[in-house]
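Since the structure comes first, as structure tokens, the remarks are kept for the end.
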Amino acid sequence: MKKLGVLIVFCLLLSLASCSRRDLYCVVSGCNDSQENKSSCANNDLLDRLTEENFRIHRYATVDEVFAAAPENAGVLVLSGDYPSEGTVITEENVEVALKKSLKVFVEYPDQFGKQRVIAKDTLDLERIVVCDSLSAVLCPMDLLSFNKCIVNVYEQDAFGDAFNTSIVAAKVAGFDKAEYGLKDTPTKPVVLSDGKNFMISTTKLSQYAHDRYIPEFRTKSLVEYIISWLTGESVVFKKWTSLIHPAYNETEKLPSDARRRSVAKGIEWYYNGKFLVDKSWKESWADLYIGDGTKPVGPEVPSDFVNGDGSLGVLEGHMSTINYDGSQLYRYWMRADVQGESSFAFASASKLLNNPEYAKVAVNLLDYGFGEYRDGLRNDPESSYGLLGWAITHKGNYYGDDNARYILGALGTAAFLNEHKFDKEIAEAIVGNFRTSGAKGFRGCILYEPELQKNGWKFFYNRELSNPHPHFEAWLWACYLWFYEQTGWETLLERTKLGIKETLDTYPDGWFWTNGIQQERARMILPLAWLYRVEPTKEHEQYLDFMMKELLKNQVPCGGIREELGDPSKSTFGKTPSNEKYGESEAPLIFDNGDPIADMLYTTNFAFVGLCEAAAATKKPEYVDALRKMNDFLIRIQVCSDEFKHLDGAWFRAFDYESWDYWASNADAGWGAWSTLTGWIQSWIVGTQVLLEENTSLWDLLSD
């Protein structure tokens, strides 16, 4: 009995010792009782998580109080409530108390630490968060995170001396999830440093990781666990994690029977959530202000109290990939022709499926605006750029063939869904305008400019012997020509289109040019090949389609997404980032090396979705139908859900990491990075194709009349 009593007492002591490790002493600076606005103090992601994980948080009003109250060997959190304007202050006296009591103190965003004082506050731009030490199984040297445009405190060089080791830095580095070129040739800024015994310092605010959107989440979670484990002296693994922006479903859960219909409803409401439809009440004072001359049409989020437009003044482009220190995200205020026609298709299709006449009104208004605004001036002159659609409101004399094609196809889809014939003439003129500026071999080239059209006349381009095996720019115009041939029987359309397609397939893959990846070029080819088979269902054309489908689907992963892939570097427009210095200076792929587990909804999976729908409908082949089903499920699952950031709820980001099941990739692209959205390219084609599948039809069948 005596031994049993000793054992019970020993176990009780162990239990008490274990419990004491769950006690943390905390102060959130600037959060005393007299403060009027305490929103940043009352809601703190780290403290909320610790409370839910059954830690006991003892909160104090001042730094002096928390150091005085904390018992020996305790863990202390000194968090910032005034970030980013002011940081925390740790005096020399506070340091002495901590050392005397053997406290473990995590200090966030200090303006003063002992004798050291901040000399500047820097906003991260292209810098990423780089792990320097082995902190956990998923935080190894050169592993990457993003704290977006967070603000970091800067101190004198070597301010903390040899006593502190820097375990995490901010630096401009290239790579997907590792700093592939290391840190030797790029400036670094300390982010997390520690003396290993009493103090760990973060030069930015880490505790508001969810609201400030630090990513990827699995590494952010591990970093916070590492900090709390260091404070408590025990291994801490959180049972749950706060995620304010997350995919609609995980990789394995069963989808509801109406999941696709719900996805369409969320996808079209996103246009309203984001206030992308311009209204006259804020066009001049807000939208036009940020459009400027088009050199940098970027601005803050459209205020949530602004009124949504009805499409008569167009739709904005979408989100930049730039996320601010507080989790807000910049918008692209460009008014582009292509997204007007594409977005019109999304609204028309949703109107049909959801029986919403308001969406139909918006769809028609967008085409009225598009044909009126981007077909003005010289674009109505039969001797020059007649029928062509200018690229953007600020660059009307630039004519991208692929942008014209997507506007045309969107307009066709709108007309068919709504049985609307008022745009028939403009659609026909847009197709002919592009065809007569395509060459004898069926290629149009990447872009034409108004001055060269004025100088040479359209016949010069119609007769030139141009070769351009670059599906990104050519393929969807071929789809337009094939559909127009089906309506008119104009043999030259078919002859030249077949020449372009054959040369492109004959030169695959070594002769192909590619933009951000070779996979996107394959994805663009599926639509015209499916429609060529519709026009001429020969064995040869079936083989064309089957060959390219097999090439595309080699990279379809089990969850349904298409893994990105780089091609021959000598044929790329925007290939792998060649150095740390070049990171973020131009458009770029989402991956660094082939094999990186990334799907791209801006350039590949979105267009593959359209193509798969058409290929499956044209051939009824089981392998095509199955690939389409998997891709459909994937897109439903990864649609953005967020109650906190309503302007993102219902969107699809460009990038998705299907291994970590998170929105993550290299953000090297200067304009349309990992977290960009697009009302046209991405949103419109995903929503519209979902509706086609719900209606058990295809775009070709829809357009048959």
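If you're wondering about the labels, chains in the structure tokens are A, B, ... by order shown, residues count from 1 in each chain, ligands from 1 in order shown.
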
I'd like the neighbourhood of Ile427 (chain A) as a ChimeraX atom specification, where a residue qualifies if any of its atoms comes within 8 Å (using only C-alpha atoms), though same-chain residues fewer than 2 positions away should be ignored.
/A:408,411-412,423-425,429-431

Need the shell around region 324-330 of chain A: protein/DNA/RNA residues with any atom at most 10 Å away, counting only C-alpha atoms. Skip same-chain ones fewer than 6 positions apart. Format as JSON, numbers by chain?
{"A": [83, 84, 123, 124, 125, 147, 148, 149, 150, 151, 204, 205, 208, 209, 210, 211, 212, 213, 214, 298, 299, 300, 301, 302, 318, 645, 647, 648, 675, 676]}

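Atom pair CA of Ile129 (chain A) / CA of Glu564 (chain A) has a distance of 23.7 Å (rounded to one decimal).
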
Please extract the residues of region 418-518 of chain A with a backbone DSSP assignment of helix (DSSP H, G or I) and present them as a ChimeraX atom specification.
/A:418,424-435,450-456,458-463,471-488,491-506,518

Test item: residues at most 12 Å from Leu50 (chain A), only C-alpha atoms, excluding those fewer than 2 positions along its chain, as a ChimeraX atom specification
/A:22-26,44-48,52-58,77,207,224-225,227-229,236-242

Residues near Ser586 (chain A), cut-off 8 Å, only C-alpha atoms, skip fewer than 3 positions along chain, as a PDB file with N, CA and C atoms, in the first residue's frame:
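Okay, this is what ended up in result.pdb:
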ATOM      1  N   PHE A 574       8.007  32.254 -71.481  1.00  0.00           N
ATOM      2  CA  PHE A 574       8.273  32.510 -70.060  1.00  0.00           C
ATOM      3  C   PHE A 574       8.575  31.169 -69.394  1.00  0.00           C
ATOM      4  N   LYS A 582      15.930  37.282 -61.037  1.00  0.00           N
ATOM      5  CA  LYS A 582      14.887  37.387 -62.052  1.00  0.00           C
ATOM      6  C   LYS A 582      13.504  37.009 -61.528  1.00  0.00           C
ATOM      7  N   TYR A 583      13.427  36.550 -60.300  1.00  0.00           N
ATOM      8  CA  TYR A 583      12.137  36.151 -59.734  1.00  0.00           C
ATOM      9  C   TYR A 583      11.186  37.349 -59.699  1.00  0.00           C
ATOM     10  N   ALA A 668       6.102  33.617 -59.002  1.00  0.00           N
ATOM     11  CA  ALA A 668       7.057  34.415 -59.771  1.00  0.00           C
ATOM     12  C   ALA A 668       6.393  35.261 -60.851  1.00  0.00           C
ATOM     13  N   ASP A 669       5.179  34.887 -61.276  1.00  0.00           N
ATOM     14  CA  ASP A 669       4.529  35.609 -62.368  1.00  0.00           C
ATOM     15  C   ASP A 669       4.236  37.040 -61.964  1.00  0.00           C
ATOM     16  N   ALA A 670       4.700  37.984 -62.793  1.00  0.00           N
ATOM     17  CA  ALA A 670       4.610  39.402 -62.441  1.00  0.00           C
ATOM     18  C   ALA A 670       3.191  39.944 -62.520  1.00  0.00           C
ATOM     19  N   GLY A 671       2.297  39.285 -63.257  1.00  0.00           N
ATOM     20  CA  GLY A 671       0.958  39.829 -63.402  1.00  0.00           C
ATOM     21  C   GLY A 671      -0.147  38.919 -62.921  1.00  0.00           C
TER      22      GLY A 671
END

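Around Thr492 (chain A), within 10 Å and counting only C-alpha atoms, the residues found are Phe435, Ala440, Gly442, Tyr481, Tyr485, Arg496, Thr497 and Lys498 of chain A, once anything fewer than 4 positions away on its own chain is removed.
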